[in-house]
Amino acid sequence: MTGASSLRIGTRGSPLALAQANEVRDRLADAHTALPADAIEIVVISTTGDRVQDRPLAEIGGKGLFTLEIEEGLSSGDIDLAVHSMKDMPTELPHGLDIPCLLPREDPRDVLISHSAAGLADLPQGAVIGSASLRRRAQLLHRRPDLEMVNFRGNVQTRLRKVEDGEVDATLLALAGLKRLGLAGRGEIALPPEVMLPAVAQGAIGIECRADDDRILALLAPLNDATTATCVAAERGLLAALDGSCRTPIAGHAVLEGEDLHLRALVLRPDGSEALETERRGSAADAGTLGRDAGQELRRRAGPDFFVET
């Protein structure tokens, strides 16, 4: 490897995305003595999802809002690998690209951010909750139809500031993001999956590269976490079977205990008026199949009118 930059990592420019890219850089440097951190360049790429902040995600294009421009840079050779929050990734990747590596998963739970409530049940009648996530909004309304939901875009710091300024009574965020930004432990209330089922692959960082790039594949191999890869395979199998879009609230969470996998899956109407759930237990070796089977069951039970296409 020669030159000032031996490796180029593509990422979004938010503080969380940069924290994740820096984690990948540091892990690569630790795993390969011939690849020091200062030889790894982090390339910030602006995405449609980052640029458009005044409308809900569902209105501006559906799948791939945070990945398209980054994947174009990967396909063209402008970058060597890309770092993604796996919950943002469509289940179908562009031709020639692959995600061969997932880092160890951070805590996948959602948290409630509120100055007054100690939990969802403590939110006052008609409380205003800010969230851009249809999954979170639908699950909240399913439990608390009295709540008022408002669209809430921006990075983690922006959303925390909006709660601090009193624009809303509360919001929900991913605990993984707070931890990676060093912002956890400030009074957030972690919600168990039984109360708020996480997004598919929430808390998982995936590294994407060109499928035929043997050099990058070899560099990434020591970083891959097999347990995370198995659980994410089940959850993304679920998503693929549901053909999930950002207009249909879908949640899924898999846990691996030894060789036994347990997957919980949920779909809801956007207004929270109806929720369908199922689960699967089986061998870790069948993770993707278990996920797809759960998704197919939910799709059959829901019927064609349940799913809102982009």
# chains A, B, ... in the order shown; residues from 1 in each chain; ligands from 1
$ residues_around --residues "range 282-285 of chain A" --least-positions-apart "5" --cutoff "10 Å" --atoms "only C-alpha atoms" --output "list in words"
Thr227, Thr230, Cys231, Ala233, Ala234, Val255, Leu256, Glu257, Gly258, Glu259, Asp260, Leu261, His262, Leu263 and Leu290 of chain A
$ residues_around --residues "Val128 in chain A" --least-positions-apart "3" --cutoff "8 Å" --atoms "only C-alpha atoms" --output "ChimeraX atom specification"
/A:147-150,168-170
$ atom_distance --atom1 "CA of Gln202 in chain A" --atom2 "CA of Ala37 in chain A"
26.9 Å
$ select_by_dssp --residues "range 53-275 of chain A" --states "alpha helix (DSSP H)" --output "VMD selection string"
chain A and resid 68 to 76 134 to 143 156 to 164 175 to 180 214 to 220 226 to 242
$ closest_residue --among "A:Gly187, A:Lys179, A:Gly203, A:Arg161" --to "Pro108 in chain A" --atoms "only C-alpha atoms"
A:Gly203
$ residues_around --residues "Asp213 in chain A" --least-positions-apart "5" --cutoff "12 Å" --atoms "only C-alpha atoms" --output "PyMOL selection string"
chain A and resi 74-75+77+79-81+96-100+208+218-220
$ select_by_dssp --residues "range 70-252 of chain A" --states "strand (DSSP E or B)" --output "compact mmCIF listing (two decimals) with C-alpha atoms, in the first residue's frame"
# COMPACT_ATOMS: atom_id res chain seq x y z
CA LEU A 81 -15.66 0.50 1.50
CA ALA A 82 -18.75 2.07 3.04
CA VAL A 83 -19.97 2.13 6.63
CA HIS A 84 -23.72 1.96 7.21
CA SER A 85 -26.24 1.72 10.01
CA LEU A 97 -21.77 -4.91 -3.96
CA ASP A 98 -21.86 -6.98 -0.78
CA ILE A 99 -21.90 -6.57 3.02
CA PRO A 100 -19.38 -9.19 4.19
CA CYS A 101 -18.75 -7.68 7.61
CA LEU A 102 -20.85 -6.62 10.61
CA ASP A 110 -35.15 2.28 21.79
CA VAL A 111 -35.16 4.84 24.59
CA LEU A 112 -37.69 7.43 25.67
CA ILE A 113 -36.31 10.95 26.12
CA SER A 114 -38.54 13.03 28.37
CA VAL A 128 -46.79 15.64 21.95
CA ILE A 129 -44.19 13.12 20.78
CA GLY A 130 -41.67 13.90 18.06
CA GLU A 148 -50.12 13.49 19.40
CA MET A 149 -47.34 12.54 16.98
CA VAL A 150 -45.35 15.16 15.04
CA ALA A 170 -40.76 13.50 24.42
CA THR A 171 -39.04 11.66 21.63
CA LEU A 172 -37.63 8.18 21.04
CA LEU A 173 -34.08 7.41 19.94
CA ALA A 174 -31.90 4.34 19.45
CA ILE A 189 -35.53 5.32 29.67
CA ALA A 190 -34.69 2.10 27.83
CA LEU A 191 -37.77 0.38 26.43
CA ILE A 205 -22.94 -1.45 11.80
CA GLY A 206 -22.40 -3.01 8.38
CA ILE A 207 -19.42 -2.58 6.07
CA GLU A 208 -20.14 -2.72 2.35
CA CYS A 209 -17.59 -3.26 -0.42
CA ARG A 210 -17.28 -4.45 -3.99
CA ILE A 250 -42.06 -3.16 10.45
CA ALA A 251 -40.09 -4.29 13.48
CA GLY A 252 -37.96 -7.35 14.11
$ closest_residue --among "A:Ala19, A:Asn155, A:Glu297, A:Pro249" --to "Gln139 in chain A" --atoms "only C-alpha atoms"
A:Pro249
$ atom_distance --atom1 "CA of Gly185 in chain A" --atom2 "CA of Ala229 in chain A"
27.6 Å
$ decode --residues "range 25-51 of chain A" --atoms "N, CA and C atoms" --output "compact mmCIF listing (two decimals), in the first residue's frame"
# COMPACT_ATOMS: atom_id res chain seq x y z
N ARG A 25 -12.44 2.45 11.19
CA ARG A 25 -11.03 2.77 10.94
C ARG A 25 -10.13 2.24 12.05
N ASP A 26 -10.53 2.47 13.30
CA ASP A 26 -9.70 2.03 14.42
C ASP A 26 -9.62 0.51 14.51
N ARG A 27 -10.72 -0.16 14.23
CA ARG A 27 -10.70 -1.63 14.27
C ARG A 27 -9.82 -2.19 13.15
N LEU A 28 -9.87 -1.57 11.98
CA LEU A 28 -9.00 -2.01 10.88
C LEU A 28 -7.53 -1.83 11.25
N ALA A 29 -7.20 -0.68 11.82
CA ALA A 29 -5.82 -0.41 12.20
C ALA A 29 -5.34 -1.38 13.28
N ASP A 30 -6.22 -1.69 14.22
CA ASP A 30 -5.85 -2.64 15.28
C ASP A 30 -5.64 -4.05 14.74
N ALA A 31 -6.42 -4.41 13.72
CA ALA A 31 -6.35 -5.77 13.18
C ALA A 31 -5.21 -5.97 12.20
N HIS A 32 -4.67 -4.86 11.64
CA HIS A 32 -3.65 -4.97 10.59
C HIS A 32 -2.51 -3.99 10.88
N THR A 33 -1.40 -4.51 11.32
CA THR A 33 -0.27 -3.65 11.68
C THR A 33 0.28 -2.89 10.47
N ALA A 34 0.06 -3.41 9.26
CA ALA A 34 0.55 -2.73 8.06
C ALA A 34 -0.39 -1.63 7.58
N LEU A 35 -1.48 -1.42 8.31
CA LEU A 35 -2.46 -0.41 7.90
C LEU A 35 -2.71 0.54 9.08
N PRO A 36 -1.85 1.54 9.26
CA PRO A 36 -2.05 2.48 10.36
C PRO A 36 -3.28 3.35 10.13
N ALA A 37 -3.83 3.87 11.22
CA ALA A 37 -5.05 4.67 11.12
C ALA A 37 -4.87 5.88 10.23
N ASP A 38 -3.67 6.48 10.24
CA ASP A 38 -3.47 7.69 9.44
C ASP A 38 -3.36 7.39 7.95
N ALA A 39 -3.36 6.12 7.57
CA ALA A 39 -3.38 5.75 6.15
C ALA A 39 -4.80 5.46 5.66
N ILE A 40 -5.77 5.64 6.55
CA ILE A 40 -7.17 5.37 6.22
C ILE A 40 -7.91 6.69 6.18
N GLU A 41 -8.44 7.03 5.02
CA GLU A 41 -9.15 8.30 4.83
C GLU A 41 -10.65 8.09 4.99
N ILE A 42 -11.31 8.98 5.71
CA ILE A 42 -12.76 8.96 5.83
C ILE A 42 -13.33 10.01 4.88
N VAL A 43 -14.13 9.55 3.92
CA VAL A 43 -14.69 10.40 2.87
C VAL A 43 -16.18 10.63 3.18
N VAL A 44 -16.55 11.87 3.43
CA VAL A 44 -17.94 12.21 3.73
C VAL A 44 -18.72 12.39 2.44
N ILE A 45 -19.86 11.72 2.33
CA ILE A 45 -20.70 11.78 1.14
C ILE A 45 -22.10 12.21 1.58
N SER A 46 -22.61 13.27 0.99
CA SER A 46 -23.95 13.76 1.31
C SER A 46 -25.00 12.89 0.63
N THR A 47 -26.02 12.49 1.38
CA THR A 47 -27.08 11.66 0.82
C THR A 47 -28.40 12.43 0.78
N THR A 48 -29.33 11.92 0.00
CA THR A 48 -30.65 12.56 -0.10
C THR A 48 -31.32 12.66 1.26
N GLY A 49 -31.21 11.60 2.05
CA GLY A 49 -31.83 11.61 3.37
C GLY A 49 -31.27 12.67 4.28
N ASP A 50 -29.99 13.01 4.10
CA ASP A 50 -29.36 14.06 4.91
C ASP A 50 -29.76 15.45 4.42
N ARG A 51 -29.90 15.60 3.11
CA ARG A 51 -30.13 16.93 2.55
C ARG A 51 -31.56 17.41 2.75
